[in-house]
Amino acid sequence: MSSLASGTGNSWVEGANDPAGDFPLANLPIGVVAGEGRGLRIGIRIGAFIVDCRALAASGLLNRLDQTIIDALGGQSLNAYMALGQSAWRSARAEFTRLLAEGTADLRDHPSRNSIMLPEWGMTTKVPCEIGDYTDFYASVHHATNVGSMFRPDNPLLPNWKNLPIGYHGRSSSMVPSGTQIIRPNGQTVTQDEGPPTFGPTRLMDYEMEVGALIGTGNVIGEPIRIDRAMDSVFGLLLLNDWSARDIQKWEYQPLGPFVAKNFASTLSGWVVSLDALEPYRIPMPARPVTDPQPLPYLRWSDDFVLDVNLEVLISSAGMRTSGIAPTRISLGNYRDMYWSIAQMVAHHTSGGCNLRTGDLLASGTVSGPTEDSRGCLLERTWRGTKPIQLGDGTERKFLQDGDEVIMRAWCERKGLPRIGFGECRGVVMPAKPI
Ligand code: MN
């Protein structure tokens, strides 16, 4: 582990040393928050508190950092800070680690401490930056094989799939923060493959458990990012629920890919976890089976890696919430099961000269594992509705019903290391608007 990796020590902040918590000193994810009469501001999450970066900057406690970093952290959006690049992120992270560590009194004993350290329960997290372009990949071999085999039993993976990370360009306009209600979309669906279609609420409302990578520093158009430099451009990771209407998708997706079935909403978790915090959980990219094509040279990097992150999906029906019944776990997968890495996505995305920009979001596609209970969407988990899942209130789900809340969580844990988590990504499905 490099010296740049997260600290593993204790913090003086309440809740930070809870072994079951998501936010120890070793994590320090960053986001944008509001609440308690305060407008949008950048926050750092630790334990049960959020560090108000603007208030911290005003206190003078960040004065060891360059002024450009202090100014960026005092803003209302992360973009300016993200654009500063990896060395700035690391300087700031090291300074936050120092200020919050057990034994450092600068902030702990500061007269303004109570206006800098805000209890998290009074604040809400927002979309953490102005999202630029959004690209959604399809990088889980288990997901692609499962979905492919439903529609093409004899030929689940098309010949390109193991040679390049498949993706499509989505929209950023409908990215919403965790906690936002999601209105069931209307759209065209068919009962027979050739139509005719009818227009109305989707009957096959689904979620997709995905991990998103936010681009910090991009590239100049025409100058691809080499795979061995690709991770330097990634600011951090967060969770993404790529809500999907499967019946609309089935009718519209050929020949140009998903459209209205996916553009109505995607939910983002509030905290961006840095690659430095995740460094202890890197796993070298497993060698491909000899029967698989090996990546072309521009997609090959000797230090390439996947990340050991547990990914959990739960559902809570409206009735369960009223009755106080705990949400039902639908799946527990792991981000390490990806076939294509983030570095490969960045390298391929820019390989033709396309420029990535600060705030762009590259999402993994549904993360599924090899087992039934690690499948990251209901389409796979219930096998197109043929194997319904029972919720804690005794009702069954093939796809989502109105009132259902989907809760996504993610965390890393290993013996001898503090557990670090991503927090939650939540959304309740609301009835469709009348046509
Ligand atoms: Mn997706």
# chains A, B, ... in the order shown; residues from 1 in each chain; ligands from 1
>>> residues_around(residues="stretch 263-279 of chain A", least_positions_apart="3", cutoff="6 Å", atoms="only C-alpha atoms", output="list in words")
Ala5, Ser6, Asn27, Pro29, Ile30, Gly31, Thr125, Lys126, Ser174, Met175, Val176, Pro177, Ser178, Gly236, Leu237, Leu238, Leu239, Leu240, Asn241, Asp242, Trp243, Val260, Arg282, Glu424 and Cys425 of chain A
>>> residues_near_ligand(ligand="ligand 1", cutoff="12 Å", atoms="only C-alpha atoms and all ligand atoms", output="number ranges by chain")
A: 134-140, 143-144, 166-171, 206-212, 239-246, 249, 257-259, 261-263, 265-267, 362-368, 376-377
>>> write_last_selection(atoms="N, CA and C atoms", output="compact mmCIF listing (two decimals), in the first residue's frame")
# COMPACT_ATOMS: atom_id res chain seq x y z
N TYR A 134 -22.84 11.53 -20.02
CA TYR A 134 -23.03 10.27 -19.30
C TYR A 134 -22.93 9.12 -20.29
N THR A 135 -22.02 8.20 -20.02
CA THR A 135 -21.88 6.99 -20.83
C THR A 135 -22.16 5.78 -19.96
N ASP A 136 -23.01 4.91 -20.44
CA ASP A 136 -23.33 3.70 -19.67
C ASP A 136 -22.75 2.50 -20.41
N PHE A 137 -21.94 1.73 -19.68
CA PHE A 137 -21.32 0.53 -20.27
C PHE A 137 -22.18 -0.70 -19.99
N TYR A 138 -21.65 -1.84 -20.34
CA TYR A 138 -22.37 -3.12 -20.29
C TYR A 138 -21.30 -4.15 -19.96
N ALA A 139 -20.56 -3.88 -18.84
CA ALA A 139 -19.24 -4.47 -18.66
C ALA A 139 -19.21 -5.73 -17.79
N SER A 140 -20.38 -6.18 -17.32
CA SER A 140 -20.42 -7.43 -16.54
C SER A 140 -20.72 -8.59 -17.48
N HIS A 143 -23.99 -10.32 -16.41
CA HIS A 143 -25.18 -9.57 -16.83
C HIS A 143 -25.41 -9.71 -18.34
N ALA A 144 -24.36 -9.49 -19.11
CA ALA A 144 -24.52 -9.53 -20.57
C ALA A 144 -24.90 -10.93 -21.04
N ILE A 166 -18.58 -2.54 -24.42
CA ILE A 166 -19.76 -2.01 -25.09
C ILE A 166 -20.39 -0.91 -24.22
N GLY A 167 -20.83 0.16 -24.85
CA GLY A 167 -21.51 1.22 -24.10
C GLY A 167 -22.43 2.01 -25.00
N TYR A 168 -23.21 2.88 -24.40
CA TYR A 168 -24.03 3.82 -25.18
C TYR A 168 -23.98 5.17 -24.48
N HIS A 169 -24.22 6.23 -25.25
CA HIS A 169 -24.25 7.56 -24.66
C HIS A 169 -25.63 7.85 -24.12
N GLY A 170 -25.72 8.14 -22.83
CA GLY A 170 -26.99 8.44 -22.19
C GLY A 170 -27.15 9.94 -21.97
N ARG A 171 -28.01 10.29 -21.02
CA ARG A 171 -28.28 11.71 -20.75
C ARG A 171 -27.95 12.04 -19.31
N ASP A 206 -37.84 -1.56 -13.70
CA ASP A 206 -36.69 -2.27 -13.12
C ASP A 206 -35.67 -1.25 -12.62
N TYR A 207 -34.74 -1.73 -11.83
CA TYR A 207 -33.58 -0.94 -11.42
C TYR A 207 -32.34 -1.62 -12.01
N GLU A 208 -31.22 -0.92 -12.01
CA GLU A 208 -29.94 -1.54 -12.35
C GLU A 208 -28.91 -1.05 -11.33
N MET A 209 -28.29 -1.98 -10.62
CA MET A 209 -27.24 -1.66 -9.65
C MET A 209 -25.94 -1.42 -10.41
N GLU A 210 -25.46 -0.17 -10.40
CA GLU A 210 -24.26 0.16 -11.16
C GLU A 210 -23.29 0.97 -10.30
N VAL A 211 -22.04 0.95 -10.69
CA VAL A 211 -21.02 1.80 -10.08
C VAL A 211 -20.60 2.83 -11.13
N GLY A 212 -20.61 4.09 -10.73
CA GLY A 212 -20.25 5.16 -11.66
C GLY A 212 -18.87 5.71 -11.34
N LEU A 239 -22.48 5.31 -6.44
CA LEU A 239 -23.47 4.32 -6.86
C LEU A 239 -24.48 4.97 -7.79
N LEU A 240 -24.99 4.18 -8.70
CA LEU A 240 -25.95 4.68 -9.66
C LEU A 240 -27.04 3.63 -9.85
N ASN A 241 -28.29 4.06 -9.71
CA ASN A 241 -29.43 3.21 -10.07
C ASN A 241 -29.94 3.68 -11.43
N ASP A 242 -29.67 2.88 -12.45
CA ASP A 242 -30.07 3.22 -13.81
C ASP A 242 -31.46 2.61 -14.06
N TRP A 243 -32.50 3.34 -13.59
CA TRP A 243 -33.89 2.86 -13.72
C TRP A 243 -34.19 2.50 -15.17
N SER A 244 -34.88 1.40 -15.37
CA SER A 244 -35.08 0.88 -16.73
C SER A 244 -36.50 0.33 -16.89
N ALA A 245 -37.10 0.62 -18.03
CA ALA A 245 -38.43 0.11 -18.36
C ALA A 245 -38.25 -0.99 -19.41
N ARG A 246 -38.32 -2.23 -18.97
CA ARG A 246 -37.89 -3.34 -19.84
C ARG A 246 -38.80 -3.56 -21.04
N GLN A 249 -37.96 -0.85 -23.48
CA GLN A 249 -36.61 -1.14 -24.01
C GLN A 249 -36.66 -2.21 -25.10
N GLY A 257 -30.02 1.09 -29.91
CA GLY A 257 -29.78 0.97 -28.48
C GLY A 257 -30.85 1.63 -27.62
N PRO A 258 -30.64 1.60 -26.28
CA PRO A 258 -31.65 2.10 -25.35
C PRO A 258 -31.92 3.59 -25.57
N PHE A 259 -33.18 4.00 -25.29
CA PHE A 259 -33.56 5.39 -25.51
C PHE A 259 -34.52 5.80 -24.38
N ALA A 261 -36.53 4.12 -22.70
CA ALA A 261 -36.60 3.12 -21.63
C ALA A 261 -35.64 3.43 -20.48
N LYS A 262 -34.65 4.27 -20.74
CA LYS A 262 -33.64 4.55 -19.72
C LYS A 262 -33.40 6.03 -19.48
N ASN A 263 -33.97 6.90 -20.31
CA ASN A 263 -33.59 8.32 -20.16
C ASN A 263 -34.46 9.09 -19.17
N ALA A 265 -34.82 8.66 -15.80
CA ALA A 265 -34.19 8.96 -14.51
C ALA A 265 -33.05 8.00 -14.21
N SER A 266 -31.99 8.51 -13.60
CA SER A 266 -30.98 7.67 -12.94
C SER A 266 -30.69 8.34 -11.60
N THR A 267 -30.59 7.53 -10.56
CA THR A 267 -30.36 8.07 -9.21
C THR A 267 -28.90 7.89 -8.83
N LEU A 362 -18.93 7.83 -16.23
CA LEU A 362 -18.88 6.53 -16.92
C LEU A 362 -19.44 5.48 -15.97
N ALA A 363 -20.56 4.88 -16.34
CA ALA A 363 -21.18 3.89 -15.45
C ALA A 363 -20.89 2.49 -15.96
N SER A 364 -20.87 1.56 -15.01
CA SER A 364 -20.42 0.19 -15.29
C SER A 364 -21.39 -0.63 -16.10
N GLY A 365 -22.67 -0.25 -16.09
CA GLY A 365 -23.71 -1.20 -16.48
C GLY A 365 -24.03 -2.07 -15.27
N THR A 366 -25.13 -2.80 -15.37
CA THR A 366 -25.56 -3.64 -14.25
C THR A 366 -24.43 -4.56 -13.81
N VAL A 367 -24.14 -4.54 -12.50
CA VAL A 367 -23.10 -5.42 -11.97
C VAL A 367 -23.78 -6.70 -11.46
N SER A 368 -23.50 -7.80 -12.13
CA SER A 368 -24.03 -9.10 -11.71
C SER A 368 -22.88 -10.05 -11.49
N GLY A 376 -27.78 -8.09 -10.45
CA GLY A 376 -28.02 -6.70 -10.07
C GLY A 376 -29.21 -6.01 -10.68
N CYS A 377 -30.18 -6.74 -11.27
CA CYS A 377 -31.43 -6.12 -11.71
C CYS A 377 -32.54 -7.17 -11.63
>>> select_by_dssp(residues="stretch 149-361 of chain A", states="strand (DSSP E or B)", output="ChimeraX atom specification")
/A:167-169,175-177,182-183,186-189,198-201,205-206,209-215,234-241,244-245,266-268,272-273,282-284,305-307,310-316,328-334,361
>>> residues_around(residues="A:Pro289", least_positions_apart="4", cutoff="12 Å", atoms="only C-alpha atoms", output="compact mmCIF listing (two decimals) with all heavy atoms, in the first residue's frame")
# COMPACT_ATOMS: atom_id res chain seq x y z
N LYS A 162 -16.49 -9.43 -26.08
CA LYS A 162 -15.25 -9.68 -25.33
C LYS A 162 -14.03 -8.97 -25.93
O LYS A 162 -12.91 -9.11 -25.44
CB LYS A 162 -14.98 -11.19 -25.23
CG LYS A 162 -15.95 -11.88 -24.26
CD LYS A 162 -15.65 -13.35 -24.06
CE LYS A 162 -16.53 -13.91 -22.94
NZ LYS A 162 -16.35 -15.36 -22.74
N PRO A 293 -10.81 -14.02 -26.22
CA PRO A 293 -9.83 -13.15 -26.88
C PRO A 293 -9.09 -12.31 -25.85
O PRO A 293 -9.70 -11.83 -24.89
CB PRO A 293 -10.69 -12.27 -27.80
CG PRO A 293 -12.08 -12.37 -27.26
CD PRO A 293 -12.20 -13.69 -26.56
N GLN A 294 -7.78 -12.15 -26.02
CA GLN A 294 -7.03 -11.27 -25.12
C GLN A 294 -7.22 -9.82 -25.58
O GLN A 294 -7.42 -9.57 -26.76
CB GLN A 294 -5.55 -11.66 -25.13
CG GLN A 294 -5.31 -13.09 -24.62
CD GLN A 294 -5.93 -13.34 -23.24
OE1 GLN A 294 -5.64 -12.65 -22.28
NE2 GLN A 294 -6.81 -14.36 -23.14
N PRO A 295 -7.20 -8.87 -24.64
CA PRO A 295 -7.44 -7.47 -25.03
C PRO A 295 -6.39 -6.99 -26.03
O PRO A 295 -5.21 -7.36 -25.93
CB PRO A 295 -7.32 -6.70 -23.72
CG PRO A 295 -7.39 -7.71 -22.63
CD PRO A 295 -6.93 -9.01 -23.19
N TYR A 339 -15.90 -7.71 -16.01
CA TYR A 339 -15.03 -8.22 -17.08
C TYR A 339 -14.15 -7.10 -17.62
O TYR A 339 -12.99 -7.32 -17.96
CB TYR A 339 -15.90 -8.78 -18.19
CG TYR A 339 -15.15 -9.58 -19.25
CD1 TYR A 339 -14.95 -10.95 -19.08
CD2 TYR A 339 -14.68 -8.98 -20.41
CE1 TYR A 339 -14.28 -11.69 -20.04
CE2 TYR A 339 -14.01 -9.72 -21.38
CZ TYR A 339 -13.82 -11.08 -21.19
OH TYR A 339 -13.17 -11.81 -22.15
>>> residues_around(residues="A:Asp373", least_positions_apart="5", cutoff="8 Å", atoms="only C-alpha atoms", output="PyMOL selection string")
chain A and resi 330-333+381
>>> closest_residue(among="A:Asn63, A:Phe422, A:Val127, A:Arg90", to="A:Thr180", atoms="only C-alpha atoms")
A:Val127
>>> select_by_dssp(residues="stretch 230-358 of chain A", states="alpha helix (DSSP H)", output="list of chain:residue names")
A:Arg246, A:Asp247, A:Ile248, A:Gln249, A:Lys250, A:Trp251, A:Glu252, A:Leu275, A:Asp276, A:Ala277, A:Leu278, A:Ala318, A:Gly319, A:Met320, A:Arg321, A:Thr322, A:Ser323, A:Ile342, A:Ala343, A:Gln344, A:Met345, A:Val346, A:Ala347, A:His348, A:His349, A:Thr350
>>> write_last_selection(atoms="N, CA and C atoms", output="short mmCIF file (atom, residue, chain, number, x, y, z; two decimals), in the first residue's frame")
data_model
loop_
_atom_site.label_atom_id
_atom_site.label_comp_id
_atom_site.auth_asym_id
_atom_site.auth_seq_id
_atom_site.Cartn_x
_atom_site.Cartn_y
_atom_site.Cartn_z
N ARG A 246 -38.32 -2.23 -18.97
CA ARG A 246 -37.89 -3.34 -19.84
C ARG A 246 -38.80 -3.56 -21.04
N ASP A 247 -40.11 -3.31 -20.89
CA ASP A 247 -41.00 -3.53 -22.04
C ASP A 247 -40.80 -2.44 -23.09
N ILE A 248 -40.56 -1.21 -22.63
CA ILE A 248 -40.26 -0.12 -23.58
C ILE A 248 -38.93 -0.40 -24.27
N GLN A 249 -37.96 -0.85 -23.48
CA GLN A 249 -36.61 -1.14 -24.01
C GLN A 249 -36.66 -2.21 -25.10
N LYS A 250 -37.48 -3.25 -24.86
CA LYS A 250 -37.52 -4.37 -25.79
C LYS A 250 -37.99 -3.93 -27.18
N TRP A 251 -38.94 -3.02 -27.22
CA TRP A 251 -39.52 -2.58 -28.50
C TRP A 251 -38.64 -1.56 -29.20
N GLU A 252 -37.92 -0.72 -28.43
CA GLU A 252 -37.23 0.42 -29.04
C GLU A 252 -35.74 0.20 -29.30
N LEU A 275 -10.36 7.01 -5.18
CA LEU A 275 -9.58 5.81 -5.50
C LEU A 275 -8.52 5.55 -4.44
N ASP A 276 -8.05 6.62 -3.78
CA ASP A 276 -7.07 6.40 -2.71
C ASP A 276 -7.70 5.67 -1.52
N ALA A 277 -8.94 6.02 -1.19
CA ALA A 277 -9.63 5.29 -0.11
C ALA A 277 -9.85 3.83 -0.50
N LEU A 278 -10.05 3.59 -1.79
CA LEU A 278 -10.35 2.23 -2.27
C LEU A 278 -9.09 1.42 -2.56
N ALA A 318 -44.38 -0.02 0.03
CA ALA A 318 -45.04 1.01 0.84
C ALA A 318 -45.63 0.37 2.10
N GLY A 319 -46.24 -0.81 1.95
CA GLY A 319 -46.84 -1.49 3.09
C GLY A 319 -45.81 -1.89 4.13
N MET A 320 -44.65 -2.30 3.66
CA MET A 320 -43.57 -2.69 4.60
C MET A 320 -43.12 -1.47 5.41
N ARG A 321 -43.03 -0.33 4.75
CA ARG A 321 -42.59 0.88 5.47
C ARG A 321 -43.65 1.28 6.51
N THR A 322 -44.94 1.17 6.14
CA THR A 322 -46.01 1.51 7.08
C THR A 322 -46.00 0.57 8.29
N SER A 323 -45.75 -0.71 8.01
CA SER A 323 -45.80 -1.72 9.09
C SER A 323 -44.47 -1.84 9.84
N ILE A 342 -12.40 -0.01 -15.23
CA ILE A 342 -12.61 1.43 -15.50
C ILE A 342 -11.53 1.95 -16.44
N ALA A 343 -10.28 1.52 -16.23
CA ALA A 343 -9.19 1.98 -17.10
C ALA A 343 -9.46 1.61 -18.55
N GLN A 344 -9.97 0.40 -18.76
CA GLN A 344 -10.28 -0.03 -20.13
C GLN A 344 -11.43 0.80 -20.71
N MET A 345 -12.39 1.16 -19.88
CA MET A 345 -13.50 2.00 -20.36
C MET A 345 -12.99 3.37 -20.80
N VAL A 346 -12.13 3.98 -19.95
CA VAL A 346 -11.60 5.30 -20.28
C VAL A 346 -10.76 5.23 -21.56
N ALA A 347 -9.90 4.20 -21.65
CA ALA A 347 -9.02 4.07 -22.82
C ALA A 347 -9.84 3.86 -24.09
N HIS A 348 -10.85 3.00 -24.00
CA HIS A 348 -11.65 2.75 -25.20
C HIS A 348 -12.50 3.97 -25.56
N HIS A 349 -13.07 4.62 -24.55
CA HIS A 349 -13.94 5.78 -24.79
C HIS A 349 -13.22 6.87 -25.57
N THR A 350 -11.93 7.05 -25.23
CA THR A 350 -11.16 8.14 -25.84
C THR A 350 -10.33 7.66 -27.03
#
>>> atom_distance(atom1="atom CA of A:Ala105", atom2="atom CA of A:Lys415")
29.6 Å
>>> atom_distance(atom1="atom CA of A:Ala92", atom2="atom CA of A:Leu65")
6.9 Å
>>> atom_distance(atom1="atom CA of A:Glu380", atom2="atom CA of A:Gln181")
23.8 Å
>>> decode(residues="stretch 82-112 of chain A", atoms="N, CA and C atoms", output="short mmCIF file (atom, residue, chain, number, x, y, z; two decimals), in the first residue's frame")
data_model
loop_
_atom_site.label_atom_id
_atom_site.label_comp_id
_atom_site.auth_asym_id
_atom_site.auth_seq_id
_atom_site.Cartn_x
_atom_site.Cartn_y
_atom_site.Cartn_z
N MET A 82 -12.68 19.19 -8.86
CA MET A 82 -12.38 18.00 -9.66
C MET A 82 -11.39 18.32 -10.79
N ALA A 83 -11.52 19.52 -11.35
CA ALA A 83 -10.68 19.90 -12.48
C ALA A 83 -9.22 20.15 -12.06
N LEU A 84 -8.96 20.30 -10.76
CA LEU A 84 -7.59 20.60 -10.31
C LEU A 84 -6.64 19.42 -10.46
N GLY A 85 -7.19 18.21 -10.46
CA GLY A 85 -6.34 17.05 -10.72
C GLY A 85 -5.88 16.33 -9.48
N GLN A 86 -5.24 15.19 -9.76
CA GLN A 86 -4.94 14.22 -8.72
C GLN A 86 -4.05 14.76 -7.60
N SER A 87 -3.03 15.56 -7.94
CA SER A 87 -2.13 16.00 -6.86
C SER A 87 -2.87 16.93 -5.91
N ALA A 88 -3.79 17.75 -6.43
CA ALA A 88 -4.59 18.62 -5.56
C ALA A 88 -5.53 17.80 -4.68
N TRP A 89 -6.17 16.78 -5.28
CA TRP A 89 -7.08 15.95 -4.48
C TRP A 89 -6.32 15.27 -3.35
N ARG A 90 -5.10 14.85 -3.66
CA ARG A 90 -4.32 14.14 -2.65
C ARG A 90 -3.84 15.08 -1.55
N SER A 91 -3.46 16.30 -1.92
CA SER A 91 -3.06 17.27 -0.89
C SER A 91 -4.21 17.54 0.05
N ALA A 92 -5.39 17.77 -0.52
CA ALA A 92 -6.55 18.09 0.31
C ALA A 92 -6.93 16.91 1.19
N ARG A 93 -6.90 15.73 0.61
CA ARG A 93 -7.26 14.54 1.38
C ARG A 93 -6.31 14.34 2.56
N ALA A 94 -5.02 14.56 2.31
CA ALA A 94 -4.04 14.41 3.38
C ALA A 94 -4.30 15.43 4.49
N GLU A 95 -4.70 16.63 4.11
CA GLU A 95 -4.96 17.67 5.11
C GLU A 95 -6.24 17.38 5.90
N PHE A 96 -7.28 16.88 5.21
CA PHE A 96 -8.49 16.48 5.94
C PHE A 96 -8.19 15.33 6.90
N THR A 97 -7.36 14.39 6.44
CA THR A 97 -7.00 13.26 7.30
C THR A 97 -6.27 13.75 8.55
N ARG A 98 -5.37 14.70 8.36
CA ARG A 98 -4.63 15.24 9.50
C ARG A 98 -5.57 15.95 10.48
N LEU A 99 -6.45 16.80 9.94
CA LEU A 99 -7.32 17.60 10.81
C LEU A 99 -8.31 16.75 11.60
N LEU A 100 -8.69 15.61 11.04
CA LEU A 100 -9.75 14.79 11.65
C LEU A 100 -9.19 13.63 12.47
N ALA A 101 -7.88 13.47 12.45
CA ALA A 101 -7.26 12.34 13.16
C ALA A 101 -7.25 12.58 14.67
N GLU A 102 -7.38 11.47 15.36
CA GLU A 102 -7.27 11.51 16.82
C GLU A 102 -5.93 12.14 17.17
N GLY A 103 -5.94 13.08 18.11
CA GLY A 103 -4.69 13.70 18.52
C GLY A 103 -4.42 15.03 17.84
N THR A 104 -5.16 15.35 16.74
CA THR A 104 -5.00 16.67 16.12
C THR A 104 -6.06 17.60 16.68
N ALA A 105 -5.62 18.70 17.29
CA ALA A 105 -6.56 19.57 18.02
C ALA A 105 -7.04 20.76 17.20
N ASP A 106 -6.40 21.04 16.04
CA ASP A 106 -6.67 22.29 15.31
C ASP A 106 -8.17 22.52 15.10
N LEU A 107 -8.85 21.52 14.58
CA LEU A 107 -10.29 21.66 14.33
C LEU A 107 -11.08 21.22 15.56
N ARG A 108 -10.65 20.16 16.19
CA ARG A 108 -11.37 19.61 17.35
C ARG A 108 -11.61 20.67 18.42
N ASP A 109 -10.60 21.49 18.67
CA ASP A 109 -10.70 22.49 19.75
C ASP A 109 -10.93 23.90 19.21
N HIS A 110 -11.28 24.00 17.93
CA HIS A 110 -11.47 25.33 17.33
C HIS A 110 -12.79 25.96 17.81
N PRO A 111 -12.81 27.26 18.10
CA PRO A 111 -14.05 27.88 18.59
C PRO A 111 -15.21 27.78 17.59
N SER A 112 -14.90 27.65 16.29
CA SER A 112 -15.97 27.55 15.28
C SER A 112 -16.33 26.10 14.95
#
